[in-house]
Amino acid sequence: MSEYKSILSSSCPMPKLDFEIITMGHGSGGLLTHKLLDAGVFDVLSNEYLDKQHDGAVFEVTPGKMAFTTDSYVVSPIFFPGGNIGELAINGTVNDLCMCGAKAAFISLSFIIEEGLRVSDFWEILLHIKQAADHAGVKIVTGDTKVVERGKGDKIFINTSGVGKVHPKADISVDRIKTGDKVIISNDIARHGIAIMSVREGLEFESDIESDTCHFNTIIEQLLEDFGKGIHFLRDATRGGLSTILNEVSKSLLKGIAIHQKDIVVDESVAGACELLGLDPLYVANEGVFVAFVEASIADQVVQKLKNWENGIHAAVIGEVIDGHPGQVVLHSQIGGRRVVNMLVGEQLPRIC
Amino acid sequence: MKYLSEYRDPELVKKYLDEIHQSTTKPWIIMEVCGGQTHSIVKNGLLQLLPKEITMVHGPGCPVCVTPMHLIDKAVYLAFNERVILCSFGDMLRVPGSTDSLLEAKSKGADVRILYSPLEAVKLAKDNPDKQVVFFAVGFETTAPANALSVLHAHREGLKNYSILASHVLVPPAIDAVMNDDLVKIQGFLAAGHVCTIMGIGEYRPLVNKYQVPIVVTGFEPVDILHGILMVVKQLEKGESKLENQYARVVRPDGNPEARKVIEEIFEITDREWRGVGNIPLSGYQVKEKYAAFDANKKFAIKMPKVEENPECIAGQVLKGIKKPHECPQFGKGCNPERPLGAPMVSSEGACAAYYHFSKISGQVMEA
């Protein structure tokens, strides 16, 4: 079974603290808070902005458009095959900025910790946050830590907000999508959701499936540099999976979207797990996959560019925007049939048989 | 994927479709019994590929759909008991009871857990000796062995805090009930492959003889289903009625005797109410007296008031194939997966939900 891989043993050993678990006192703002922050957060994430330890961060801006976003991370379990809540909290917010055509630069980081969280777990999360921020080339410039009583949270919740400068060539908006646009997916789907499912209490199953979490900060910059306004719309296929974003787009535009099952790659073990669990991969969450609506003439070049990126090996044109069936996403099945792919009503629940 | 991709092979699909088109000269009405088959038919868009002479009707083989409302009420009632951990398969959670679904109960604070295996529930009971763990054991013959096995395990381990709320139903009596209805015009059946994996195929022979209808035990992949339809059509065109096994790679004629032994140890056959259809004699399993300590029905002697189904819901007619989901005046209007009037709109195996999600919206033919 694929397991969470710790980076604790590497070059950054945990500081010697006189406590093993986080208690209410660590959120009091007093001595315990300082012990935790000084020996932990500030040390690990140190940069010129954070080191000032002020109430907020002050930074220079250059002329142009900025993008601003926020997201909260409540994933359970907090460690899962291929990732953890800390990594998601950075990549997720970075990626939301990228989907606006921006390059993420500064991130805020707030923890809501449930009393009783092991300090070693917190340390592990922190190191992953640092690693993910370094990979994406973003700085954590401000933040907050609160502790809530046992039972009032689920180990740890993280909120991150981010700002980034919009690429001068970018013009990303749902209104720019037009009939004939190609729909591109950046990689194979459903890995994250199934990786989480495989370690969820009561549902555990043997697999080597890992979350696809990754950042888009570099690839989106490159795509915008090369294709500029040819890229009409971007959206990451997180909660609700691929079908949910396609439905949102088709319903807001009142245009149809036709997609082709044969072009949507699902890893064999992910597909197998979906079969077994009675889940449809089109609705399963991703953390490292985005959808691009692009000018038809550049679609193949965009796919080629994505394929050269380490997280885009299975990039493909999966469909197109059409005038027919407005407001509906229609899947052309591998065997030549057609069906409407609807919006998911609630959580996707495993079937009986 | 071995044993999967070859049964989704577009070439093979085309071959069977061509053969079905060539073989069909008259209109035929065929029922696929199992919800899993309905799901596959609609998900793969098979309906539009069949000749217009062939009408597929979607049978009562969706365990979630036929579990009576008062039993869901009972599960919800138990779930609200602070000492109880109520475990269930996933898609049972959204089915509406008279007041709450299990999902709503969960959000109101009841301890409801989704599990894939009843043996997990036994483990949960072991790990939580101060709680009563109840497994909502729904399903056809397919899930019965695992549910029975959980009772055997709990019995062997001497657990006093594990029980099952059994609502098992059986396929052959359901086919019998469907065929007994004068309004029903079904001429052939695709029987549920996985049920036969356990039970074997013999128990369908009396039905073939009694009603002179072809019954073909069929799998769940597109190639399986088209092959099954072809086998039924060929019989119908020749005026034959035989029992055949399309799913021979999985279904042995005598099924799985070991699994049946476990069922027979724990369960006995009883009359069972089917939601939307009514009472069908000798159509379900209940826990034997010997294992009464593991029967949640006896352990928690609760009498739930009988509640009436919403009269606007025509689930019964849909489950018997008398009406198609989109022929219901409420389809997609007063009834949708968000606010279902009846159970077939809830489960992804339910005919109404399958139609709603994958095929036709508000009865209008999809254009593409």
# chains A, B, ... in the order shown; residues from 1 in each chain; ligands from 1
>>> closest_atom_pairs(of="chain B", to="chain A", cutoff="9 Å", atoms="only C-alpha atoms", output="tab-separated table")
residue	atom	partner	partner_atom	distance
B:Met1	CA	A:Glu268	CA	6.6
B:Arg8	CA	A:Ile335	CA	7.0
B:Asp9	CA	A:Ile335	CA	7.0
B:Pro10	CA	A:Ile335	CA	4.5
B:Glu11	CA	A:Ile335	CA	8.0
B:Val13	CA	A:Ile335	CA	6.5
B:Lys14	CA	A:Ile335	CA	7.8
B:Gly35	CA	A:Cys353	CA	8.9
B:Gly36	CA	A:Cys353	CA	7.2
B:Val42	CA	A:Arg339	CA	7.2
B:Lys43	CA	A:Arg339	CA	6.5
B:Asn44	CA	A:Gly337	CA	5.8
B:Gly45	CA	A:Gly337	CA	4.1
B:Leu46	CA	A:Gly337	CA	5.7
B:Leu47	CA	A:Gly337	CA	8.0
B:Gln48	CA	A:Gly337	CA	6.8
B:Leu49	CA	A:Gly337	CA	6.6
B:Pro63	CA	A:Ile352	CA	8.1
B:Val64	CA	A:Ile352	CA	8.1
B:Phe89	CA	A:Ile352	CA	5.7
B:Gly90	CA	A:Pro350	CA	4.6
B:Asp91	CA	A:Arg351	CA	5.2
B:Met92	CA	A:Ile352	CA	8.0
B:Leu93	CA	A:Leu349	CA	8.2
B:Arg94	CA	A:Leu349	CA	8.7
B:Arg113	CA	A:Gly202	CA	7.9
B:Ile114	CA	A:Gly202	CA	7.2
B:Leu115	CA	A:Gly202	CA	5.5
B:Tyr116	CA	A:Leu203	CA	6.1
B:Ser117	CA	A:Leu203	CA	8.3
B:Glu120	CA	A:Gly202	CA	6.5
B:Ala121	CA	A:Gly202	CA	8.3
B:Leu124	CA	A:Gly202	CA	8.6
B:Val138	CA	A:Ile352	CA	8.5
B:Gly139	CA	A:Ile352	CA	7.4
B:Thr142	CA	A:Cys353	CA	7.9
B:Thr143	CA	A:Cys353	CA	7.7
B:His194	CA	A:Cys353	CA	8.8
B:Pro222	CA	A:Ile335	CA	8.2
B:Pro337	CA	A:Val345	CA	6.6
B:Glu338	CA	A:Val345	CA	6.0
B:Ser347	CA	A:Arg351	CA	7.8
B:Ser348	CA	A:Arg351	CA	7.5
B:Glu349	CA	A:Arg351	CA	8.0
B:Tyr356	CA	A:Asn342	CA	8.4
B:His357	CA	A:Asn342	CA	5.6
B:Phe358	CA	A:Val340	CA	4.7
B:Ser359	CA	A:Arg339	CA	5.3
B:Lys360	CA	A:Val340	CA	7.7
B:Ile361	CA	A:Val340	CA	8.7
B:Met366	CA	A:His325	CA	7.4
B:Glu367	CA	A:His325	CA	5.9
B:Ala368	CA	A:Gly324	CA	5.9
>>> residues_around(residues="Lys298 (chain B)", least_positions_apart="5", cutoff="10 Å", atoms="only C-alpha atoms", output="JSON, numbers by chain")
{"B": [163, 165, 287, 289, 292, 293]}
>>> closest_residue(among="B:Val251, B:Ile164, B:Leu159, B:Ala343", to="Ser98 (chain B)", atoms="only C-alpha atoms")
B:Ala343
>>> select_by_dssp(residues="region 26-212 of chain B", states="strand (DSSP E)", output="MDAnalysis selection string")
chainID B and resid 28:34 54:61 84:88 112:114 132:139 162:169 188:192
>>> write_last_selection(atoms="C-alpha atoms", output="PDB file, in the first residue's frame")
ATOM      1  CA  TRP B  28     -39.384  -6.626 -28.446  1.00  0.00           C
ATOM      2  CA  ILE B  29     -39.587  -5.529 -24.831  1.00  0.00           C
ATOM      3  CA  ILE B  30     -36.691  -6.708 -22.689  1.00  0.00           C
ATOM      4  CA  MET B  31     -36.066  -6.046 -19.002  1.00  0.00           C
ATOM      5  CA  GLU B  32     -32.607  -5.819 -17.493  1.00  0.00           C
ATOM      6  CA  VAL B  33     -33.240  -6.879 -13.938  1.00  0.00           C
ATOM      7  CA  CYS B  34     -30.248  -5.433 -12.176  1.00  0.00           C
ATOM      8  CA  ILE B  54     -36.064  -2.934 -28.957  1.00  0.00           C
ATOM      9  CA  THR B  55     -37.386  -1.380 -25.776  1.00  0.00           C
ATOM     10  CA  MET B  56     -35.333  -1.867 -22.656  1.00  0.00           C
ATOM     11  CA  VAL B  57     -37.187  -1.589 -19.364  1.00  0.00           C
ATOM     12  CA  HIS B  58     -35.309  -1.197 -16.147  1.00  0.00           C
ATOM     13  CA  GLY B  59     -36.139  -3.721 -13.497  1.00  0.00           C
ATOM     14  CA  PRO B  60     -36.441  -3.738  -9.733  1.00  0.00           C
ATOM     15  CA  GLY B  61     -32.862  -4.906  -9.129  1.00  0.00           C
ATOM     16  CA  VAL B  84     -25.258   3.198  18.311  1.00  0.00           C
ATOM     17  CA  ILE B  85     -22.810   3.418  15.421  1.00  0.00           C
ATOM     18  CA  LEU B  86     -24.898   2.839  12.314  1.00  0.00           C
ATOM     19  CA  CYS B  87     -22.915   1.512   9.349  1.00  0.00           C
ATOM     20  CA  SER B  88     -24.112   1.311   5.790  1.00  0.00           C
ATOM     21  CA  VAL B 112     -23.331   7.101  10.626  1.00  0.00           C
ATOM     22  CA  ARG B 113     -20.377   5.464   8.882  1.00  0.00           C
ATOM     23  CA  ILE B 114     -19.939   4.467   5.239  1.00  0.00           C
ATOM     24  CA  GLN B 132     -23.629  -0.951  19.674  1.00  0.00           C
ATOM     25  CA  VAL B 133     -22.579  -1.321  16.034  1.00  0.00           C
ATOM     26  CA  VAL B 134     -25.456  -1.912  13.624  1.00  0.00           C
ATOM     27  CA  PHE B 135     -24.834  -2.738   9.966  1.00  0.00           C
ATOM     28  CA  PHE B 136     -27.667  -1.836   7.604  1.00  0.00           C
ATOM     29  CA  ALA B 137     -27.540  -5.027   5.560  1.00  0.00           C
ATOM     30  CA  VAL B 138     -29.333  -4.256   2.331  1.00  0.00           C
ATOM     31  CA  GLY B 139     -28.857  -5.920  -1.012  1.00  0.00           C
ATOM     32  CA  TYR B 162     -22.816  -6.225  16.790  1.00  0.00           C
ATOM     33  CA  SER B 163     -26.046  -6.707  14.879  1.00  0.00           C
ATOM     34  CA  ILE B 164     -27.394  -6.305  11.369  1.00  0.00           C
ATOM     35  CA  LEU B 165     -30.565  -4.601  10.213  1.00  0.00           C
ATOM     36  CA  ALA B 166     -31.278  -7.020   7.392  1.00  0.00           C
ATOM     37  CA  SER B 167     -33.310  -6.040   4.374  1.00  0.00           C
ATOM     38  CA  HIS B 168     -32.233  -8.652   1.895  1.00  0.00           C
ATOM     39  CA  VAL B 169     -34.297  -9.249  -1.196  1.00  0.00           C
ATOM     40  CA  GLY B 188     -37.434 -11.384 -22.203  1.00  0.00           C
ATOM     41  CA  PHE B 189     -35.056 -10.867 -19.305  1.00  0.00           C
ATOM     42  CA  LEU B 190     -31.392 -10.148 -18.744  1.00  0.00           C
ATOM     43  CA  ALA B 191     -30.901 -11.756 -15.333  1.00  0.00           C
ATOM     44  CA  ALA B 192     -28.438 -10.249 -12.885  1.00  0.00           C
TER      45      ALA B 192
END
>>> atom_distance(atom1="CA of Met199 (chain B)", atom2="CA of Ser241 (chain B)")
20.9 Å
>>> residues_around(residues="Thr62 (chain A)", least_positions_apart="4", cutoff="12 Å", atoms="only C-alpha atoms", output="list in words")
Met66, Gly164, Lys165, Val166 and Pro168 of chain A
>>> closest_residue(among="A:Thr213, A:Gln53, A:Ser207, A:Asn187", to="Asn91 (chain A)", atoms="only C-alpha atoms")
A:Thr213
>>> residues_around(residues="Lys306 (chain B)", least_positions_apart="4", cutoff="10 Å", atoms="only C-alpha atoms", output="ChimeraX atom specification")
/B:69-71,73,98
>>> write_last_selection(atoms="C-alpha atoms", output="CSV table (one decimal), in the first residue's frame")
chain,number,residue,atom,x,y,z
B,69,MET,CA,-39.2,3.5,3.9
B,70,HIS,CA,-40.1,2.3,7.4
B,71,LEU,CA,-36.8,0.3,7.4
B,73,ASP,CA,-36.8,5.2,9.3
B,98,SER,CA,-40.2,9.7,6.1
>>> residues_around(residues="Ile107 (chain A)", least_positions_apart="4", cutoff="7 Å", atoms="only C-alpha atoms", output="JSON, numbers by chain")
{"A": [138, 139, 140, 141, 160, 161, 162, 163]}
>>> closest_residue(among="A:Lys178, A:Lys130, A:Arg118, A:Arg191", to="Phe233 (chain A)", atoms="only C-alpha atoms")
A:Lys178
>>> select_by_dssp(residues="region 72-320 of chain B", states="helix (DSSP H, G or I)", output="number ranges by chain")
B: 72-79, 90-92, 102-107, 118-127, 144-156, 171-180, 193-199, 202-211, 222-238, 257-266, 289-294, 296-299, 315-319
>>> residues_around(residues="Arg252 (chain B)", least_positions_apart="4", cutoff="9 Å", atoms="only C-alpha atoms", output="PDB file with N, CA and C atoms, in the first residue's frame")
ATOM      1  N   CYS B 196     -26.326 -14.427  -9.741  1.00  0.00           N
ATOM      2  CA  CYS B 196     -26.162 -15.832 -10.149  1.00  0.00           C
ATOM      3  C   CYS B 196     -24.773 -16.374  -9.804  1.00  0.00           C
ATOM      4  N   THR B 197     -23.804 -15.474  -9.645  1.00  0.00           N
ATOM      5  CA  THR B 197     -22.482 -15.913  -9.211  1.00  0.00           C
ATOM      6  C   THR B 197     -22.608 -16.661  -7.888  1.00  0.00           C
ATOM      7  N   ILE B 198     -23.514 -16.197  -7.057  1.00  0.00           N
ATOM      8  CA  ILE B 198     -23.743 -16.840  -5.756  1.00  0.00           C
ATOM      9  C   ILE B 198     -24.735 -17.986  -5.898  1.00  0.00           C
ATOM     10  N   GLY B 200     -26.193 -19.458  -8.645  1.00  0.00           N
ATOM     11  CA  GLY B 200     -26.286 -20.356  -9.790  1.00  0.00           C
ATOM     12  C   GLY B 200     -27.461 -19.962 -10.653  1.00  0.00           C
ATOM     13  N   ILE B 201     -27.715 -20.738 -11.716  1.00  0.00           N
ATOM     14  CA  ILE B 201     -28.750 -20.287 -12.657  1.00  0.00           C
ATOM     15  C   ILE B 201     -30.032 -21.110 -12.571  1.00  0.00           C
ATOM     16  N   ASN B 245     -26.730 -18.640 -20.329  1.00  0.00           N
ATOM     17  CA  ASN B 245     -25.757 -17.948 -19.481  1.00  0.00           C
ATOM     18  C   ASN B 245     -24.731 -17.214 -20.338  1.00  0.00           C
ATOM     19  N   TYR B 247     -22.819 -14.863 -19.041  1.00  0.00           N
ATOM     20  CA  TYR B 247     -21.753 -14.427 -18.122  1.00  0.00           C
ATOM     21  C   TYR B 247     -20.983 -15.640 -17.591  1.00  0.00           C
ATOM     22  N   ALA B 248     -20.743 -16.611 -18.487  1.00  0.00           N
ATOM     23  CA  ALA B 248     -20.165 -17.886 -18.038  1.00  0.00           C
ATOM     24  C   ALA B 248     -18.746 -17.716 -17.498  1.00  0.00           C
ATOM     25  N   ASN B 256     -22.022 -20.470  -6.259  1.00  0.00           N
ATOM     26  CA  ASN B 256     -20.953 -20.602  -5.267  1.00  0.00           C
ATOM     27  C   ASN B 256     -21.511 -21.298  -4.018  1.00  0.00           C
TER      28      ASN B 256
END
>>> residues_around(residues="Val294 (chain A)", least_positions_apart="5", cutoff="9 Å", atoms="only C-alpha atoms", output="number ranges by chain")
A: 177, 181-184, 229-234, 299, 302
>>> write_last_selection(atoms="C-alpha atoms", output="compact mmCIF listing (two decimals), in the first residue's frame")
# COMPACT_ATOMS: atom_id res chain seq x y z
CA ILE A 177 -14.85 31.15 -24.48
CA ASP A 181 -12.80 26.47 -28.69
CA LYS A 182 -10.94 23.31 -27.76
CA VAL A 183 -11.08 21.87 -24.27
CA ILE A 184 -7.70 20.69 -23.01
CA LYS A 229 -4.77 35.70 -25.52
CA GLY A 230 -5.19 32.39 -27.34
CA ILE A 231 -5.87 30.94 -23.92
CA HIS A 232 -9.41 31.95 -23.13
CA PHE A 233 -10.16 30.32 -19.81
CA LEU A 234 -8.42 28.22 -17.17
CA ALA A 299 -4.71 23.57 -29.22
CA VAL A 302 -0.61 23.87 -26.08
>>> closest_residue(among="A:Ile158, A:Leu31, A:Ala39, A:Met14", to="Tyr73 (chain A)", atoms="only C-alpha atoms")
A:Ile158
>>> atom_distance(atom1="CA of Ile264 (chain A)", atom2="CA of Thr218 (chain A)")
23.6 Å
>>> closest_residue(among="B:Val277, B:Leu243, B:Ile263, B:Cys335", to="Asn209 (chain B)", atoms="only C-alpha atoms")
B:Leu243
